[in-house]
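J.: Please find protein-v7.pdb (PDB, C-alpha atoms, pLDDT in the B column) on the next line:
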ATOM      1  CA  MET A   1     -12.011 -13.567  29.350  1.00 52.00           C
ATOM      2  CA  LYS A   2     -15.771 -13.565  29.811  1.00 61.00           C
ATOM      3  CA  PRO A   3     -17.597 -14.595  26.642  1.00 67.00           C
ATOM      4  CA  PRO A   4     -19.550 -11.772  25.061  1.00 69.00           C
ATOM      5  CA  PRO A   5     -23.270 -11.663  25.922  1.00 71.00           C
ATOM      6  CA  ARG A   6     -25.486 -13.584  23.550  1.00 91.00           C
ATOM      7  CA  ASN A   7     -28.429 -11.360  24.438  1.00 96.00           C
ATOM      8  CA  LEU A   8     -28.006  -7.614  24.075  1.00 97.00           C
ATOM      9  CA  PHE A   9     -30.513  -6.774  26.817  1.00 96.00           C
ATOM     10  CA  GLN A  10     -29.300  -9.292  29.412  1.00 94.00           C
ATOM     11  CA  ASN A  11     -26.216  -9.691  31.583  1.00 88.00           C
ATOM     12  CA  LEU A  12     -25.822  -5.984  32.025  1.00 89.00           C
ATOM     13  CA  PRO A  13     -22.733  -5.116  34.055  1.00 81.00           C
ATOM     14  CA  VAL A  14     -23.664  -4.778  37.721  1.00 76.00           C
ATOM     15  CA  ALA A  15     -21.378  -1.895  38.560  1.00 71.00           C
ATOM     16  CA  LEU A  16     -21.288   0.943  36.104  1.00 70.00           C
ATOM     17  CA  ASN A  17     -18.664   3.260  37.530  1.00 77.00           C
ATOM     18  CA  GLN A  18     -17.474   3.550  34.008  1.00 80.00           C
ATOM     19  CA  GLU A  19     -18.857   2.698  30.610  1.00 85.00           C
ATOM     20  CA  SER A  20     -18.791  -1.030  29.838  1.00 91.00           C
ATOM     21  CA  ILE A  21     -17.579  -2.089  26.392  1.00 93.00           C
ATOM     22  CA  GLU A  22     -17.906  -5.697  25.239  1.00 93.00           C
ATOM     23  CA  LYS A  23     -16.676  -6.865  21.861  1.00 95.00           C
ATOM     24  CA  LEU A  24     -19.250  -9.098  20.211  1.00 95.00           C
ATOM     25  CA  ILE A  25     -17.407  -9.609  16.927  1.00 95.00           C
ATOM     26  CA  GLU A  26     -13.810  -8.680  16.265  1.00 94.00           C
ATOM     27  CA  GLN A  27     -12.086  -8.883  12.896  1.00 89.00           C
ATOM     28  CA  ASP A  28      -9.106  -7.044  11.431  1.00 86.00           C
ATOM     29  CA  SER A  29     -11.050  -4.236   9.883  1.00 84.00           C
ATOM     30  CA  PHE A  30     -14.382  -4.608  11.533  1.00 90.00           C
ATOM     31  CA  ARG A  31     -15.953  -5.016  14.964  1.00 95.00           C
ATOM     32  CA  ILE A  32     -19.269  -4.977  16.780  1.00 97.00           C
ATOM     33  CA  GLU A  33     -19.492  -3.793  20.369  1.00 97.00           C
ATOM     34  CA  ARG A  34     -22.141  -3.576  23.033  1.00 96.00           C
ATOM     35  CA  ILE A  35     -21.631  -0.487  25.137  1.00 95.00           C
ATOM     36  CA  VAL A  36     -23.557   0.103  28.367  1.00 95.00           C
ATOM     37  CA  SER A  37     -23.599   3.545  29.982  1.00 94.00           C
ATOM     38  CA  ARG A  38     -25.346   4.826  33.081  1.00 92.00           C
ATOM     39  CA  GLY A  39     -24.889   8.549  33.253  1.00 90.00           C
ATOM     40  CA  GLN A  40     -21.408   8.518  31.750  1.00 91.00           C
ATOM     41  CA  HIS A  41     -20.503  11.091  29.162  1.00 91.00           C
ATOM     42  CA  SER A  42     -17.351  12.273  27.459  1.00 92.00           C
ATOM     43  CA  PRO A  43     -15.136  14.575  29.526  1.00 92.00           C
ATOM     44  CA  THR A  44     -15.661  18.270  28.874  1.00 92.00           C
ATOM     45  CA  GLY A  45     -13.715  19.312  25.810  1.00 92.00           C
ATOM     46  CA  PHE A  46     -13.018  15.721  24.736  1.00 95.00           C
ATOM     47  CA  TRP A  47     -13.922  14.768  21.161  1.00 96.00           C
ATOM     48  CA  TYR A  48     -13.707  11.357  19.517  1.00 95.00           C
ATOM     49  CA  ASP A  49     -11.826  11.652  16.230  1.00 96.00           C
ATOM     50  CA  GLN A  50     -11.617   8.137  14.821  1.00 96.00           C
ATOM     51  CA  ASP A  51      -9.932   6.591  11.793  1.00 95.00           C
ATOM     52  CA  GLU A  52     -12.819   4.140  11.679  1.00 95.00           C
ATOM     53  CA  HIS A  53     -16.341   4.611  10.464  1.00 95.00           C
ATOM     54  CA  GLU A  54     -18.950   4.006  13.109  1.00 96.00           C
ATOM     55  CA  TRP A  55     -22.635   3.184  13.032  1.00 97.00           C
ATOM     56  CA  VAL A  56     -24.379   3.289  16.338  1.00 97.00           C
ATOM     57  CA  ALA A  57     -27.848   2.343  17.588  1.00 98.00           C
ATOM     58  CA  VAL A  58     -29.328   3.019  21.012  1.00 98.00           C
ATOM     59  CA  LEU A  59     -31.371  -0.061  21.972  1.00 98.00           C
ATOM     60  CA  ALA A  60     -32.477   1.064  25.461  1.00 97.00           C
ATOM     61  CA  GLY A  61     -32.129   4.206  27.545  1.00 97.00           C
ATOM     62  CA  LYS A  62     -31.391   7.606  26.087  1.00 97.00           C
ATOM     63  CA  ALA A  63     -28.331   9.563  25.033  1.00 97.00           C
ATOM     64  CA  GLU A  64     -27.287  12.892  23.572  1.00 97.00           C
ATOM     65  CA  LEU A  65     -24.545  13.028  20.979  1.00 96.00           C
ATOM     66  CA  GLN A  66     -22.751  16.241  20.198  1.00 96.00           C
ATOM     67  CA  ILE A  67     -21.416  16.484  16.659  1.00 96.00           C
ATOM     68  CA  ASP A  68     -18.737  19.018  15.797  1.00 95.00           C
ATOM     69  CA  GLY A  69     -20.284  21.666  13.576  1.00 93.00           C
ATOM     70  CA  LEU A  70     -23.892  20.921  14.506  1.00 93.00           C
ATOM     71  CA  ALA A  71     -25.500  23.567  16.693  1.00 92.00           C
ATOM     72  CA  GLN A  72     -27.988  21.130  18.229  1.00 94.00           C
ATOM     73  CA  SER A  73     -27.078  17.887  19.951  1.00 94.00           C
ATOM     74  CA  VAL A  74     -28.628  14.705  18.585  1.00 95.00           C
ATOM     75  CA  THR A  75     -30.997  12.864  20.947  1.00 96.00           C
ATOM     76  CA  LEU A  76     -30.967   9.095  20.590  1.00 97.00           C
ATOM     77  CA  ASN A  77     -33.993   7.216  21.921  1.00 97.00           C
ATOM     78  CA  PRO A  78     -34.441   3.440  21.741  1.00 97.00           C
ATOM     79  CA  GLY A  79     -34.104   2.289  18.140  1.00 97.00           C
ATOM     80  CA  ASP A  80     -32.440   5.493  16.962  1.00 97.00           C
ATOM     81  CA  THR A  81     -29.353   5.044  14.823  1.00 97.00           C
ATOM     82  CA  TYR A  82     -26.591   7.397  13.770  1.00 96.00           C
ATOM     83  CA  HIS A  83     -23.825   7.085  11.173  1.00 95.00           C
ATOM     84  CA  LEU A  84     -20.490   8.665  12.059  1.00 96.00           C
ATOM     85  CA  PRO A  85     -18.109   8.587   9.088  1.00 95.00           C
ATOM     86  CA  ALA A  86     -14.410   8.449  10.027  1.00 96.00           C
ATOM     87  CA  HIS A  87     -13.149  11.689  11.566  1.00 97.00           C
ATOM     88  CA  THR A  88     -16.611  12.993  12.355  1.00 96.00           C
ATOM     89  CA  LYS A  89     -15.682  14.644  15.618  1.00 97.00           C
ATOM     90  CA  HIS A  90     -18.257  13.748  18.224  1.00 97.00           C
ATOM     91  CA  ARG A  91     -18.752  13.341  21.943  1.00 96.00           C
ATOM     92  CA  VAL A  92     -21.331  11.767  24.203  1.00 95.00           C
ATOM     93  CA  ALA A  93     -22.845  14.807  25.896  1.00 95.00           C
ATOM     94  CA  TRP A  94     -25.269  12.943  28.163  1.00 96.00           C
ATOM     95  CA  THR A  95     -26.699   9.513  28.982  1.00 95.00           C
ATOM     96  CA  GLU A  96     -29.598   8.665  31.277  1.00 95.00           C
ATOM     97  CA  PRO A  97     -28.284   8.667  34.834  1.00 92.00           C
ATOM     98  CA  ASN A  98     -30.729   6.178  36.396  1.00 89.00           C
ATOM     99  CA  HIS A  99     -31.109   3.549  33.710  1.00 91.00           C
ATOM    100  CA  ALA A 100     -28.719   1.615  31.536  1.00 93.00           C
ATOM    101  CA  THR A 101     -28.302   2.995  28.049  1.00 96.00           C
ATOM    102  CA  ILE A 102     -27.476   0.083  25.750  1.00 97.00           C
ATOM    103  CA  TRP A 103     -25.624   0.940  22.559  1.00 97.00           C
ATOM    104  CA  LEU A 104     -24.800  -1.296  19.659  1.00 98.00           C
ATOM    105  CA  ALA A 105     -21.782   0.093  17.813  1.00 98.00           C
ATOM    106  CA  VAL A 106     -20.319  -1.175  14.546  1.00 97.00           C
ATOM    107  CA  PHE A 107     -16.866   0.050  13.471  1.00 96.00           C
ATOM    108  CA  TRP A 108     -15.208  -0.545  10.122  1.00 94.00           C
ATOM    109  CA  LYS A 109     -12.377   0.621   7.888  1.00 89.00           C
ATOM    110  CA  GLU A 110     -12.852   1.166   4.194  1.00 80.00           C
TER
ATOM    111  CA  MET B   1     -35.381   5.337  -3.332  1.00 53.00           C
ATOM    112  CA  LYS B   2     -36.802   5.724   0.161  1.00 61.00           C
ATOM    113  CA  PRO B   3     -34.177   6.675   2.724  1.00 67.00           C
ATOM    114  CA  PRO B   4     -33.438   3.929   5.250  1.00 69.00           C
ATOM    115  CA  PRO B   5     -35.242   4.252   8.590  1.00 72.00           C
ATOM    116  CA  ARG B   6     -33.345   6.192  11.221  1.00 91.00           C
ATOM    117  CA  ASN B   7     -35.168   4.332  13.979  1.00 96.00           C
ATOM    118  CA  LEU B   8     -35.084   0.543  13.960  1.00 97.00           C
ATOM    119  CA  PHE B   9     -38.457   0.163  15.687  1.00 96.00           C
ATOM    120  CA  GLN B  10     -40.385   2.743  13.655  1.00 94.00           C
ATOM    121  CA  ASN B  11     -41.642   3.007  10.078  1.00 88.00           C
ATOM    122  CA  LEU B  12     -42.321  -0.685   9.848  1.00 89.00           C
ATOM    123  CA  PRO B  13     -43.535  -1.668   6.390  1.00 81.00           C
ATOM    124  CA  VAL B  14     -47.340  -1.640   6.315  1.00 76.00           C
ATOM    125  CA  ALA B  15     -47.857  -4.674   4.121  1.00 71.00           C
ATOM    126  CA  LEU B  16     -45.750  -7.667   4.912  1.00 71.00           C
ATOM    127  CA  ASN B  17     -46.645 -10.115   2.186  1.00 77.00           C
ATOM    128  CA  GLN B  18     -42.973 -10.790   2.008  1.00 80.00           C
ATOM    129  CA  GLU B  19     -39.998 -10.067   4.180  1.00 85.00           C
ATOM    130  CA  SER B  20     -38.870  -6.439   4.040  1.00 91.00           C
ATOM    131  CA  ILE B  21     -35.142  -5.777   3.716  1.00 93.00           C
ATOM    132  CA  GLU B  22     -33.762  -2.236   4.089  1.00 93.00           C
ATOM    133  CA  LYS B  23     -30.084  -1.449   3.718  1.00 95.00           C
ATOM    134  CA  LEU B  24     -28.946   0.906   6.487  1.00 95.00           C
ATOM    135  CA  ILE B  25     -25.268   0.983   5.559  1.00 95.00           C
ATOM    136  CA  GLU B  26     -23.777  -0.343   2.333  1.00 94.00           C
ATOM    137  CA  GLN B  27     -20.075  -0.549   1.584  1.00 89.00           C
ATOM    138  CA  ASP B  28     -18.068  -2.769  -0.746  1.00 86.00           C
ATOM    139  CA  SER B  29     -17.350  -5.506   1.731  1.00 84.00           C
ATOM    140  CA  PHE B  30     -19.782  -4.672   4.467  1.00 90.00           C
ATOM    141  CA  ARG B  31     -23.447  -3.859   5.011  1.00 95.00           C
ATOM    142  CA  ILE B  32     -26.059  -3.456   7.723  1.00 97.00           C
ATOM    143  CA  GLU B  33     -29.683  -4.338   7.063  1.00 97.00           C
ATOM    144  CA  ARG B  34     -32.956  -4.111   8.907  1.00 96.00           C
ATOM    145  CA  ILE B  35     -35.149  -7.063   8.069  1.00 95.00           C
ATOM    146  CA  VAL B  36     -38.806  -7.213   9.084  1.00 95.00           C
ATOM    147  CA  SER B  37     -40.704 -10.507   8.955  1.00 94.00           C
ATOM    148  CA  ARG B  38     -44.252 -11.379   9.901  1.00 92.00           C
ATOM    149  CA  GLY B  39     -44.646 -15.110   9.713  1.00 90.00           C
ATOM    150  CA  GLN B  40     -42.307 -15.521   6.755  1.00 91.00           C
ATOM    151  CA  HIS B  41     -39.837 -18.371   6.769  1.00 91.00           C
ATOM    152  CA  SER B  42     -37.480 -19.969   4.295  1.00 92.00           C
ATOM    153  CA  PRO B  43     -39.129 -22.303   1.778  1.00 92.00           C
ATOM    154  CA  THR B  44     -38.998 -25.989   2.721  1.00 92.00           C
ATOM    155  CA  GLY B  45     -35.649 -27.439   1.766  1.00 92.00           C
ATOM    156  CA  PHE B  46     -34.084 -24.016   1.118  1.00 95.00           C
ATOM    157  CA  TRP B  47     -30.798 -23.232   2.875  1.00 96.00           C
ATOM    158  CA  TYR B  48     -28.826 -20.009   2.856  1.00 95.00           C
ATOM    159  CA  ASP B  49     -25.199 -20.739   1.947  1.00 96.00           C
ATOM    160  CA  GLN B  50     -23.447 -17.369   1.871  1.00 96.00           C
ATOM    161  CA  ASP B  51     -19.958 -16.227   0.944  1.00 95.00           C
ATOM    162  CA  GLU B  52     -20.363 -13.522   3.568  1.00 95.00           C
ATOM    163  CA  HIS B  53     -20.149 -13.731   7.314  1.00 95.00           C
ATOM    164  CA  GLU B  54     -23.321 -12.690   9.057  1.00 96.00           C
ATOM    165  CA  TRP B  55     -24.138 -11.515  12.561  1.00 97.00           C
ATOM    166  CA  VAL B  56     -27.781 -11.202  13.357  1.00 97.00           C
ATOM    167  CA  ALA B  57     -29.785  -9.825  16.281  1.00 98.00           C
ATOM    168  CA  VAL B  58     -33.527 -10.095  16.830  1.00 98.00           C
ATOM    169  CA  LEU B  59     -34.688  -6.768  18.297  1.00 98.00           C
ATOM    170  CA  ALA B  60     -38.418  -7.520  18.507  1.00 97.00           C
ATOM    171  CA  GLY B  61     -40.634 -10.529  17.843  1.00 97.00           C
ATOM    172  CA  LYS B  62     -39.386 -14.088  17.775  1.00 97.00           C
ATOM    173  CA  ALA B  63     -37.761 -16.408  15.265  1.00 97.00           C
ATOM    174  CA  GLU B  64     -36.420 -19.905  14.919  1.00 97.00           C
ATOM    175  CA  LEU B  65     -33.222 -20.499  12.983  1.00 96.00           C
ATOM    176  CA  GLN B  66     -32.313 -23.917  11.704  1.00 96.00           C
ATOM    177  CA  ILE B  67     -28.583 -24.548  11.397  1.00 96.00           C
ATOM    178  CA  ASP B  68     -27.290 -27.392   9.247  1.00 95.00           C
ATOM    179  CA  GLY B  69     -25.829 -30.031  11.527  1.00 93.00           C
ATOM    180  CA  LEU B  70     -27.604 -28.866  14.692  1.00 93.00           C
ATOM    181  CA  ALA B  71     -30.375 -31.188  15.840  1.00 92.00           C
ATOM    182  CA  GLN B  72     -32.267 -28.407  17.636  1.00 94.00           C
ATOM    183  CA  SER B  73     -33.370 -25.170  16.065  1.00 94.00           C
ATOM    184  CA  VAL B  74     -32.153 -21.956  17.683  1.00 95.00           C
ATOM    185  CA  THR B  75     -34.844 -19.723  19.171  1.00 96.00           C
ATOM    186  CA  LEU B  76     -34.138 -16.007  18.969  1.00 97.00           C
ATOM    187  CA  ASN B  77     -36.020 -13.748  21.382  1.00 97.00           C
ATOM    188  CA  PRO B  78     -35.585  -9.957  21.580  1.00 97.00           C
ATOM    189  CA  GLY B  79     -31.942  -9.139  22.148  1.00 97.00           C
ATOM    190  CA  ASP B  80     -30.678 -12.560  21.090  1.00 97.00           C
ATOM    191  CA  THR B  81     -27.781 -12.575  18.664  1.00 97.00           C
ATOM    192  CA  TYR B  82     -26.275 -15.258  16.467  1.00 96.00           C
ATOM    193  CA  HIS B  83     -23.050 -15.398  14.488  1.00 95.00           C
ATOM    194  CA  LEU B  84     -23.163 -17.229  11.168  1.00 96.00           C
ATOM    195  CA  PRO B  85     -19.678 -17.609   9.678  1.00 95.00           C
ATOM    196  CA  ALA B  86     -19.607 -17.758   5.870  1.00 96.00           C
ATOM    197  CA  HIS B  87     -21.062 -20.996   4.482  1.00 97.00           C
ATOM    198  CA  THR B  88     -22.864 -21.890   7.689  1.00 96.00           C
ATOM    199  CA  LYS B  89     -25.917 -23.373   6.034  1.00 97.00           C
ATOM    200  CA  HIS B  90     -29.009 -22.036   7.721  1.00 97.00           C
ATOM    201  CA  ARG B  91     -32.667 -21.306   7.187  1.00 96.00           C
ATOM    202  CA  VAL B  92     -35.356 -19.320   8.948  1.00 95.00           C
ATOM    203  CA  ALA B  93     -37.674 -22.071  10.169  1.00 95.00           C
ATOM    204  CA  TRP B  94     -40.306 -19.815  11.741  1.00 96.00           C
ATOM    205  CA  THR B  95     -41.123 -16.220  12.638  1.00 95.00           C
ATOM    206  CA  GLU B  96     -43.996 -14.924  14.751  1.00 95.00           C
ATOM    207  CA  PRO B  97     -47.087 -14.784  12.535  1.00 92.00           C
ATOM    208  CA  ASN B  98     -48.974 -11.957  14.285  1.00 89.00           C
ATOM    209  CA  HIS B  99     -46.240  -9.506  15.165  1.00 91.00           C
ATOM    210  CA  ALA B 100     -43.353  -7.996  13.303  1.00 93.00           C
ATOM    211  CA  THR B 101     -40.028  -9.663  13.941  1.00 96.00           C
ATOM    212  CA  ILE B 102     -37.310  -7.012  13.562  1.00 97.00           C
ATOM    213  CA  TRP B 103     -33.844  -8.279  12.706  1.00 97.00           C
ATOM    214  CA  LEU B 104     -30.621  -6.361  12.529  1.00 98.00           C
ATOM    215  CA  ALA B 105     -28.197  -8.162  10.233  1.00 98.00           C
ATOM    216  CA  VAL B 106     -24.556  -7.291   9.607  1.00 97.00           C
ATOM    217  CA  PHE B 107     -22.746  -8.930   6.673  1.00 96.00           C
ATOM    218  CA  TRP B 108     -19.039  -8.747   5.933  1.00 94.00           C
ATOM    219  CA  LYS B 109     -16.257 -10.330   3.890  1.00 89.00           C
ATOM    220  CA  GLU B 110     -12.897 -11.092   5.383  1.00 80.00           C
TER
END
Step by step, read the file and then write its structure as structure tokens.

T.:
Amino acid sequence: MKPPPRNLFQNLPVALNQESIEKLIEQDSFRIERIVSRGQHSPTGFWYDQDEHEWVAVLAGKAELQIDGLAQSVTLNPGDTYHLPAHTKHRVAWTEPNHATIWLAVFWKE
Amino acid sequence: MKPPPRNLFQNLPVALNQESIEKLIEQDSFRIERIVSRGQHSPTGFWYDQDEHEWVAVLAGKAELQIDGLAQSVTLNPGDTYHLPAHTKHRVAWTEPNHATIWLAVFWKE
């Protein structure tokens, strides 16, 4: 298995036919991932509904999160963070199609 | 108490006489902090020796970490990450004096 990247902005996956997910830290009840998207979004009608809490930051690029119950989607620009408590239904509505969107995502159980 | 910043690159503390530490997420056995330094470093002879595991990323600026037992210090440029298992003795040897160094630090217990 390829070692995880030591630099969050480097060694971006060359082909991005689908979202790339790399685990940076993995423990029983806790993990940190780098996610790289280029235009990918959640399928229509698909909602994440996770047992884990998630905290996410967009470090480069741009994304739109849709949160169940919120009328407006949430735009995430570089540096923007968002806390998704467990079972906050959400989906990625949009990511920049022509540039890599780099996410840092932290997941944990209570 | 001031709410934590929603954007990691914005609302930097105006005065940086000392390092600024803001808790972004705080749970019993887990927390995420934004740390902003401008020239601060650990006092001579001081070493962090933590019960918690730490994963750190430099998002802007530049820093040098000194790790007990490593002859060379570790330079952290934007995007660089470093994993410090519990009781890895370390100190911040240097941070950029004229620009803010923005750290994202995640701490957890096993």

J.: Between atom CA of B:Leu70 and atom CA of B:Gly45, what is the distance in Å, rounded to a tenth?

T.: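 These atoms are spaced 15.3 Å apart.
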
J.: List the residues selected by the ChimeraX specification (/B :<8) & /A in the file shown, writing them as an NGL selection string.

T.: :A and (6-10 or 27 or 78-82 or 110)

J.: Please expand the PyMOL selection byres ((chain A and resi 16) around 12) into the concrete residues it hits in this file, giving the result as a short mmCIF file (atom, residue, chain, number, x, y, z; two decimals) with C-alpha atoms, keeping the file's coordinate frame.

T.:
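Output contents, as saved in selection17.cif:
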data_model
loop_
_atom_site.label_atom_id
_atom_site.label_comp_id
_atom_site.auth_asym_id
_atom_site.auth_seq_id
_atom_site.Cartn_x
_atom_site.Cartn_y
_atom_site.Cartn_z
CA LEU A 12 -25.82 -5.98 32.02
CA PRO A 13 -22.73 -5.12 34.06
CA VAL A 14 -23.66 -4.78 37.72
CA ALA A 15 -21.38 -1.90 38.56
CA ASN A 17 -18.66 3.26 37.53
CA GLN A 18 -17.47 3.55 34.01
CA GLU A 19 -18.86 2.70 30.61
CA SER A 20 -18.79 -1.03 29.84
CA ILE A 21 -17.58 -2.09 26.39
CA ILE A 35 -21.63 -0.49 25.14
CA VAL A 36 -23.56 0.10 28.37
CA SER A 37 -23.60 3.54 29.98
CA ARG A 38 -25.35 4.83 33.08
CA GLY A 39 -24.89 8.55 33.25
CA GLN A 40 -21.41 8.52 31.75
CA PRO A 97 -28.28 8.67 34.83
CA ASN A 98 -30.73 6.18 36.40
CA HIS A 99 -31.11 3.55 33.71
CA ALA A 100 -28.72 1.62 31.54
CA THR A 101 -28.30 3.00 28.05
#

J.: Rounded to one decimal place, report the atom CA of A:Glu33-atom CA of B:Ser42 distance in Å.

T.: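 So the answer is 29.0 Å.
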
J.: Translate the PyMOL selection byres ((chain A and resi 90) around 10), as applied to the file shown, into an explicit residue set as JSON, numbers by chain.

T.: {"A": [42, 46, 47, 48, 49, 50, 65, 66, 67, 68, 69, 70, 73, 84, 87, 88, 89, 91, 92, 93]}

J.: Determine the nearest neighbour of B:Pro85 from the options B:Phe107, B:Asn11, B:Gln72, B:Thr44, counting all atoms listed in the file.

T.: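 Checking each of B:Phe107, B:Asn11, B:Gln72, B:Thr44 against B:Pro85, counting all atoms listed in the file, the winner is B:Phe107.
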
J.: Find the distance between atom CA of A:Glu64 and atom CA of A:Arg34 and write it in Å to one decimal.

T.: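 Interatomic distance, atom CA of A:Glu64 to atom CA of A:Arg34: 17.3 Å.
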
J.: Centre and edge lengths, as lines of an AutoDock Vina configuration file, for the axis-aligned box enclosing every listed atom of stretch 17-20 of chain B with 5 Å of padding on each of the six sides, in Å to one decimal?

T.:
center_x = -42.8
center_y = -8.6
center_z = 3.1
size_x = 17.8
size_y = 14.4
size_z = 12.2

J.: Which one is closest to B:Trp94: B:Glu52, B:His41, B:Thr75, B:Arg31? Count only C-alpha atoms.

T.: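 Selected residue with least distance to B:Trp94: B:His41.
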